[in-house]
file structure.txt (compact mmCIF, C-alpha atoms and all ligand atoms)
# COMPACT_ATOMS: atom_id res chain seq x y z
CA MET A 1 -44.71 7.25 0.14
CA GLU A 2 -41.45 8.48 1.62
CA ARG A 3 -38.63 10.73 0.40
CA THR A 4 -34.91 10.39 0.99
CA PHE A 5 -31.84 12.44 0.05
CA ILE A 6 -28.74 11.16 -1.73
CA ILE A 7 -25.38 12.56 -2.84
CA LEU A 8 -23.35 10.91 -5.60
CA LYS A 9 -19.95 11.54 -4.04
CA PRO A 10 -16.75 12.64 -5.83
CA ASP A 11 -15.46 9.06 -6.26
CA CYS A 12 -18.74 8.18 -8.01
CA MET A 13 -18.44 11.22 -10.30
CA GLU A 14 -14.76 10.56 -10.98
CA LYS A 15 -15.41 6.93 -11.93
CA LYS A 16 -18.33 8.03 -14.18
CA LEU A 17 -20.75 5.85 -12.23
CA ALA A 18 -23.53 8.43 -11.74
CA GLY A 19 -25.85 6.86 -14.32
CA THR A 20 -25.15 3.35 -13.03
CA VAL A 21 -25.95 4.28 -9.42
CA LEU A 22 -29.09 6.27 -10.30
CA SER A 23 -30.21 3.35 -12.45
CA ARG A 24 -29.94 0.98 -9.46
CA PHE A 25 -32.30 3.22 -7.51
CA GLU A 26 -34.75 3.51 -10.43
CA LYS A 27 -34.70 -0.25 -11.03
CA ALA A 28 -35.62 -0.73 -7.35
CA GLY A 29 -38.78 1.32 -7.98
CA LEU A 30 -37.61 4.68 -6.63
CA LYS A 31 -38.52 7.86 -8.47
CA ILE A 32 -36.27 10.94 -8.88
CA VAL A 33 -38.30 13.96 -7.73
CA ALA A 34 -35.36 16.43 -7.50
CA CYS A 35 -31.84 16.44 -8.94
CA LYS A 36 -29.00 18.97 -9.29
CA MET A 37 -25.26 19.33 -9.53
CA GLN A 38 -23.42 21.48 -7.01
CA GLN A 39 -19.98 21.90 -5.47
CA LEU A 40 -20.24 21.58 -1.69
CA THR A 41 -18.66 24.08 0.70
CA ASP A 42 -17.13 23.79 4.17
CA SER A 43 -20.13 25.43 5.81
CA LEU A 44 -22.63 23.02 4.17
CA LEU A 45 -20.40 20.06 5.03
CA ARG A 46 -20.02 21.14 8.64
CA GLU A 47 -23.84 21.03 8.92
CA HIS A 48 -24.30 17.87 6.88
CA TYR A 49 -21.60 15.97 8.80
CA SER A 50 -22.16 17.65 12.18
CA HIS A 51 -22.15 14.19 13.86
CA LEU A 52 -18.54 13.71 12.69
CA THR A 53 -16.81 17.06 13.37
CA ASP A 54 -14.71 15.62 16.22
CA LYS A 55 -13.52 12.56 14.23
CA PRO A 56 -9.87 12.42 13.10
CA PHE A 57 -10.99 11.87 9.47
CA PHE A 58 -13.31 14.92 9.38
CA GLY A 59 -10.85 17.21 7.52
CA PHE A 60 -10.07 14.50 4.96
CA LEU A 61 -13.82 13.84 4.49
CA CYS A 62 -14.57 17.55 3.85
CA ASP A 63 -11.61 17.99 1.46
CA TYR A 64 -12.84 14.96 -0.50
CA MET A 65 -16.52 15.99 -0.54
CA LYS A 66 -15.79 19.49 -1.86
CA LYS A 67 -13.13 18.61 -4.42
CA MET A 68 -15.54 18.54 -7.41
CA PRO A 69 -19.22 19.11 -8.15
CA VAL A 70 -21.46 16.27 -6.96
CA ILE A 71 -24.98 15.20 -7.91
CA MET A 72 -27.63 15.54 -5.23
CA ALA A 73 -31.11 14.06 -5.57
CA ILE A 74 -34.32 13.30 -3.74
CA LEU A 75 -35.76 9.83 -4.28
CA GLU A 76 -39.37 8.97 -3.57
CA GLY A 77 -40.99 5.60 -3.01
CA GLU A 78 -42.41 3.18 -0.49
CA ASP A 79 -40.00 2.81 2.44
CA ALA A 80 -37.48 4.91 0.46
CA ILE A 81 -35.13 5.71 3.37
CA ALA A 82 -34.49 2.12 4.45
CA LYS A 83 -34.61 0.81 0.87
CA VAL A 84 -31.87 3.19 -0.34
CA ARG A 85 -29.64 2.43 2.68
CA GLU A 86 -30.07 -1.27 1.94
CA LEU A 87 -29.15 -0.78 -1.73
CA LEU A 88 -26.00 1.12 -0.61
CA GLY A 89 -24.75 -1.42 1.90
CA PRO A 90 -22.76 -0.58 5.06
CA THR A 91 -20.50 2.50 5.42
CA LYS A 92 -17.30 0.48 4.96
CA SER A 93 -17.25 -0.73 1.36
CA ALA A 94 -14.92 -3.58 2.37
CA ASP A 95 -17.77 -4.93 4.56
CA ALA A 96 -20.45 -4.36 1.91
CA PRO A 97 -21.68 -7.49 0.13
CA ALA A 98 -21.41 -7.90 -3.64
CA GLY A 99 -24.61 -6.68 -5.24
CA THR A 100 -24.78 -3.57 -3.06
CA ILE A 101 -23.64 -0.24 -4.51
CA ARG A 102 -20.80 0.19 -2.03
CA GLY A 103 -19.84 -3.49 -2.29
CA ASP A 104 -19.60 -3.26 -6.08
CA TYR A 105 -18.10 0.22 -6.53
CA GLY A 106 -16.70 1.51 -3.21
CA ASP A 107 -13.00 1.70 -2.37
CA LYS A 108 -12.10 -1.37 -0.31
CA SER A 109 -9.11 0.27 1.41
CA ILE A 110 -10.18 3.92 1.93
CA VAL A 111 -13.45 3.99 3.94
CA THR A 112 -14.24 7.61 2.97
CA PHE A 113 -14.61 6.78 -0.75
CA ASN A 114 -17.92 4.92 -0.59
CA VAL A 115 -19.74 6.21 -3.69
CA CYS A 116 -22.99 7.58 -2.32
CA HIS A 117 -24.53 9.28 0.71
CA ALA A 118 -28.10 8.51 1.79
CA SER A 119 -30.19 9.78 4.70
CA ASP A 120 -30.30 7.31 7.59
CA SER A 121 -33.63 8.19 9.26
CA PRO A 122 -36.86 10.13 8.66
CA GLU A 123 -35.42 12.99 10.76
CA SER A 124 -32.17 13.21 8.79
CA ALA A 125 -34.04 12.88 5.46
CA ALA A 126 -36.27 15.83 6.35
CA ALA A 127 -33.31 17.95 7.53
CA GLU A 128 -31.12 17.08 4.53
CA ILE A 129 -33.87 17.72 1.95
CA LYS A 130 -34.47 21.12 3.55
CA ARG A 131 -30.72 21.89 3.71
CA PHE A 132 -29.96 21.12 0.06
CA PHE A 133 -33.18 21.79 -1.91
CA ALA A 134 -35.57 24.70 -2.18
CA ASN A 135 -39.27 23.79 -2.42
CA ASN A 136 -39.44 24.94 -6.04
CA GLU A 137 -36.64 22.50 -6.98
CA ILE A 138 -38.71 19.48 -5.87
CA PHE A 139 -41.18 18.04 -8.41
P1 LIG B 1 -22.90 6.73 6.23
O1 LIG B 1 -22.45 7.55 5.02
O2 LIG B 1 -22.91 5.26 5.92
O3 LIG B 1 -24.20 7.23 6.80
P2 LIG B 1 -21.51 8.06 8.45
O4 LIG B 1 -21.10 7.38 9.71
O5 LIG B 1 -22.65 9.02 8.49
O6 LIG B 1 -21.77 6.90 7.35
O7 LIG B 1 -20.21 8.78 7.89
C1 LIG B 1 -20.30 9.71 6.85
C2 LIG B 1 -19.18 9.46 5.86
O8 LIG B 1 -17.91 9.68 6.51
C3 LIG B 1 -19.07 8.02 5.34
O9 LIG B 1 -19.98 7.75 4.29
C4 LIG B 1 -17.65 7.97 4.88
O10 LIG B 1 -17.47 8.65 3.63
C5 LIG B 1 -16.95 8.78 5.97
N1 LIG B 1 -16.47 7.92 7.07
C6 LIG B 1 -17.21 7.31 8.04
N2 LIG B 1 -16.46 6.59 8.88
C7 LIG B 1 -15.18 6.75 8.46
C8 LIG B 1 -13.91 6.23 8.93
O11 LIG B 1 -13.81 5.49 9.90
N3 LIG B 1 -12.80 6.62 8.24
C9 LIG B 1 -12.87 7.44 7.16
N4 LIG B 1 -14.02 7.95 6.65
C10 LIG B 1 -15.17 7.59 7.30
MG MG B 2 -24.61 9.07 7.69

call {"tool": "encode", "arguments": {"input": "structure.txt", "output": "structure tokens", "more": "lines below"}}
Ligand code: IDP
Ligand code: MG
result
Amino acid sequence: MERTFIILKPDCMEKKLAGTVLSRFEKAGLKIVACKMQQLTDSLLREHYSHLTDKPFFGFLCDYMKKMPVIMAILEGEDAIAKVRELLGPTKSADAPAGTIRGDYGDKSIVTFNVCHASDSPESAAAEIKRFFANNEIF
């Protein structure tokens, strides 16, 4: 059993796709073991996206990610980290095949608006779960 961390991003919330996206994960056999709604801040985003601080789109990404409350969750299941990334599809929604979450619901012209974040490795999953959830919020 493995755990991974997801964020339903502002474009997902705005399009009222939260239930649809969570349902995709549940239908793939993943279990929600933590879930909350929170508005992100610059300091959390600077940590969460520390690999991107020097990119030209970093300011735009942070402004977008903090513009409204998002849903954050921890999903548990066999091979959860790779499975969730596969369900999402690649970062660029325009390159994501139909049937993937980003392929079906992501913005094909603005890369930033790609519906959902998911941890990309066991190390990032552990760090992100610790960053966004207290132990007593995980069930
Ligand atoms: P990931 O979300 O697929 O793991 P990362 O490279 O970690 O992709 O980038 C984090 C987020 O930054 C992406 O999900 C997307 O919202 C945004 N992003 C990544 N690359 C670009 C880009 O080239 N232009 C604009 N936004 C980008
Ligand atoms: Mg990433």

call {"tool": "closest_residue", "arguments": {"input": "structure.txt", "among": "A:Met1, A:Ile101, A:Cys62, A:Ala28", "to": "Arg46 of chain A", "atoms": "only C-alpha atoms"}}
result
A:Cys62

call {"tool": "closest_residue", "arguments": {"input": "structure.txt", "among": "A:Lys66, A:Lys55, A:Arg3, A:Arg102", "to": "Ser121 of chain A", "atoms": "all atoms listed in the file"}}
result
A:Arg3

call {"tool": "residues_near_ligand", "arguments": {"input": "structure.txt", "ligand": "ligand MG 2 (chain B)", "cutoff": "9 Å", "atoms": "only C-alpha atoms and all ligand atoms", "output": "VMD selection string"}}
result
chain A and resid 48 to 49 51 91 117 to 120 124

call {"tool": "write_last_selection", "arguments": {"input": "structure.txt", "atoms": "C-alpha atoms", "output": "short mmCIF file (atom, residue, chain, number, x, y, z; two decimals), keeping the file's coordinate frame"}}
result
data_model
loop_
_atom_site.label_atom_id
_atom_site.label_comp_id
_atom_site.auth_asym_id
_atom_site.auth_seq_id
_atom_site.Cartn_x
_atom_site.Cartn_y
_atom_site.Cartn_z
CA HIS A 48 -24.30 17.87 6.88
CA TYR A 49 -21.60 15.97 8.80
CA HIS A 51 -22.15 14.19 13.86
CA THR A 91 -20.50 2.50 5.42
CA HIS A 117 -24.53 9.28 0.71
CA ALA A 118 -28.10 8.51 1.79
CA SER A 119 -30.19 9.78 4.70
CA ASP A 120 -30.30 7.31 7.59
CA SER A 124 -32.17 13.21 8.79
#

call {"tool": "residues_near_ligand", "arguments": {"input": "structure.txt", "ligand": "ligand LIG 1 (chain B)", "cutoff": "6 Å", "atoms": "all atoms listed in the file", "output": "list in words"}}
result
Phe57, Pro90, Thr91, Val111, Thr112, Phe113, Asn114 and His117 of chain A

call {"tool": "closest_residue", "arguments": {"input": "structure.txt", "among": "A:Phe58, A:Phe25, A:Tyr64, A:Phe133", "to": "Pro10 of chain A", "atoms": "only C-alpha atoms"}}
result
A:Tyr64

call {"tool": "closest_residue", "arguments": {"input": "structure.txt", "among": "A:Thr4, A:Gln39, A:Asn135, A:Thr100", "to": "Glu123 of chain A", "atoms": "only C-alpha atoms"}}
result
A:Thr4

call {"tool": "residues_around", "arguments": {"input": "structure.txt", "residues": "Asp11 of chain A", "least_positions_apart": "3", "cutoff": "7 Å", "atoms": "only C-alpha atoms", "output": "PyMOL selection string"}}
result
chain A and resi 14-15+113+115

call {"tool": "closest_residue", "arguments": {"input": "structure.txt", "among": "A:Cys116, A:Ala127, A:Leu87, A:Leu52", "to": "Ile6 of chain A", "atoms": "only C-alpha atoms"}}
result
A:Cys116

call {"tool": "atom_distance", "arguments": {"input": "structure.txt", "atom1": "atom CA of Gly106 of chain A", "atom2": "atom CA of Ser93 of chain A"}}
result
5.1 Å

call {"tool": "closest_residue", "arguments": {"input": "structure.txt", "among": "A:Lys83, A:Lys27, A:Lys92, A:Lys108", "to": "Phe5 of chain A", "atoms": "all atoms listed in the file"}}
result
A:Lys83

call {"tool": "atom_distance", "arguments": {"input": "structure.txt", "atom1": "atom CA of Tyr105 of chain A", "atom2": "atom CA of Ser23 of chain A"}}
result
13.8 Å

call {"tool": "build_atoms", "arguments": {"input": "structure.txt", "residues": "segment 103-114 of chain A", "atoms": "all heavy atoms", "output": "short mmCIF file (atom, residue, chain, number, x, y, z; two decimals), keeping the file's coordinate frame"}}
result
data_model
loop_
_atom_site.label_atom_id
_atom_site.label_comp_id
_atom_site.auth_asym_id
_atom_site.auth_seq_id
_atom_site.Cartn_x
_atom_site.Cartn_y
_atom_site.Cartn_z
N GLY A 103 -20.56 -2.24 -2.10
CA GLY A 103 -19.84 -3.49 -2.29
C GLY A 103 -19.28 -3.61 -3.70
O GLY A 103 -18.18 -4.11 -3.90
N ASP A 104 -20.03 -3.13 -4.68
CA ASP A 104 -19.60 -3.26 -6.08
C ASP A 104 -18.65 -2.14 -6.51
O ASP A 104 -17.77 -2.38 -7.34
CB ASP A 104 -20.82 -3.29 -7.01
CG ASP A 104 -21.64 -4.57 -6.86
OD1 ASP A 104 -21.13 -5.53 -6.26
OD2 ASP A 104 -22.79 -4.60 -7.34
N TYR A 105 -18.84 -0.93 -5.98
CA TYR A 105 -18.10 0.22 -6.53
C TYR A 105 -17.28 1.01 -5.52
O TYR A 105 -16.52 1.89 -5.91
CB TYR A 105 -19.08 1.18 -7.22
CG TYR A 105 -19.94 0.51 -8.26
CD1 TYR A 105 -21.33 0.47 -8.13
CD2 TYR A 105 -19.36 -0.10 -9.37
CE1 TYR A 105 -22.13 -0.16 -9.08
CE2 TYR A 105 -20.15 -0.74 -10.32
CZ TYR A 105 -21.54 -0.75 -10.17
OH TYR A 105 -22.31 -1.39 -11.11
N GLY A 106 -17.42 0.75 -4.23
CA GLY A 106 -16.70 1.51 -3.21
C GLY A 106 -15.24 1.10 -3.13
O GLY A 106 -14.86 0.00 -3.56
N ASP A 107 -14.42 1.98 -2.54
CA ASP A 107 -13.00 1.70 -2.37
C ASP A 107 -12.82 0.78 -1.16
O ASP A 107 -13.22 1.11 -0.05
CB ASP A 107 -12.25 3.03 -2.16
CG ASP A 107 -10.75 2.86 -2.27
OD1 ASP A 107 -10.17 2.06 -1.50
OD2 ASP A 107 -10.16 3.53 -3.14
N LYS A 108 -12.20 -0.37 -1.38
CA LYS A 108 -12.10 -1.37 -0.31
C LYS A 108 -11.06 -1.00 0.74
O LYS A 108 -11.06 -1.53 1.84
CB LYS A 108 -11.79 -2.76 -0.90
CG LYS A 108 -12.84 -3.26 -1.89
CD LYS A 108 -14.17 -3.59 -1.20
CE LYS A 108 -15.17 -4.24 -2.14
NZ LYS A 108 -15.70 -3.37 -3.20
N SER A 109 -10.14 -0.07 0.42
CA SER A 109 -9.11 0.27 1.41
C SER A 109 -9.34 1.64 2.06
O SER A 109 -8.93 1.85 3.20
CB SER A 109 -7.71 0.17 0.80
OG SER A 109 -7.66 0.81 -0.44
N ILE A 110 -9.96 2.59 1.35
CA ILE A 110 -10.18 3.92 1.93
C ILE A 110 -11.68 4.10 2.22
O ILE A 110 -12.49 4.28 1.31
CB ILE A 110 -9.64 5.04 1.02
CG1 ILE A 110 -8.13 4.81 0.78
CG2 ILE A 110 -9.87 6.43 1.62
CD1 ILE A 110 -7.52 5.67 -0.29
N VAL A 111 -12.04 4.00 3.51
CA VAL A 111 -13.45 3.99 3.94
C VAL A 111 -14.23 5.19 3.38
O VAL A 111 -15.39 5.05 2.96
CB VAL A 111 -13.53 4.02 5.49
CG1 VAL A 111 -14.98 4.08 5.97
CG2 VAL A 111 -12.83 2.82 6.08
N THR A 112 -13.58 6.36 3.37
CA THR A 112 -14.24 7.61 2.97
C THR A 112 -14.85 7.53 1.56
O THR A 112 -15.92 8.09 1.32
CB THR A 112 -13.22 8.77 3.04
OG1 THR A 112 -12.57 8.71 4.31
CG2 THR A 112 -13.89 10.12 2.90
N PHE A 113 -14.18 6.81 0.66
CA PHE A 113 -14.61 6.78 -0.75
C PHE A 113 -15.65 5.67 -0.96
O PHE A 113 -15.35 4.61 -1.50
CB PHE A 113 -13.40 6.54 -1.67
CG PHE A 113 -12.26 7.52 -1.49
CD1 PHE A 113 -10.99 7.21 -1.95
CD2 PHE A 113 -12.45 8.75 -0.88
CE1 PHE A 113 -9.93 8.10 -1.81
CE2 PHE A 113 -11.40 9.65 -0.71
CZ PHE A 113 -10.13 9.32 -1.18
N ASN A 114 -16.89 5.97 -0.53
CA ASN A 114 -17.92 4.92 -0.59
C ASN A 114 -19.11 5.27 -1.48
O ASN A 114 -20.25 4.88 -1.21
CB ASN A 114 -18.35 4.53 0.83
CG ASN A 114 -18.92 5.70 1.60
OD1 ASN A 114 -19.03 6.81 1.08
ND2 ASN A 114 -19.31 5.46 2.84
#
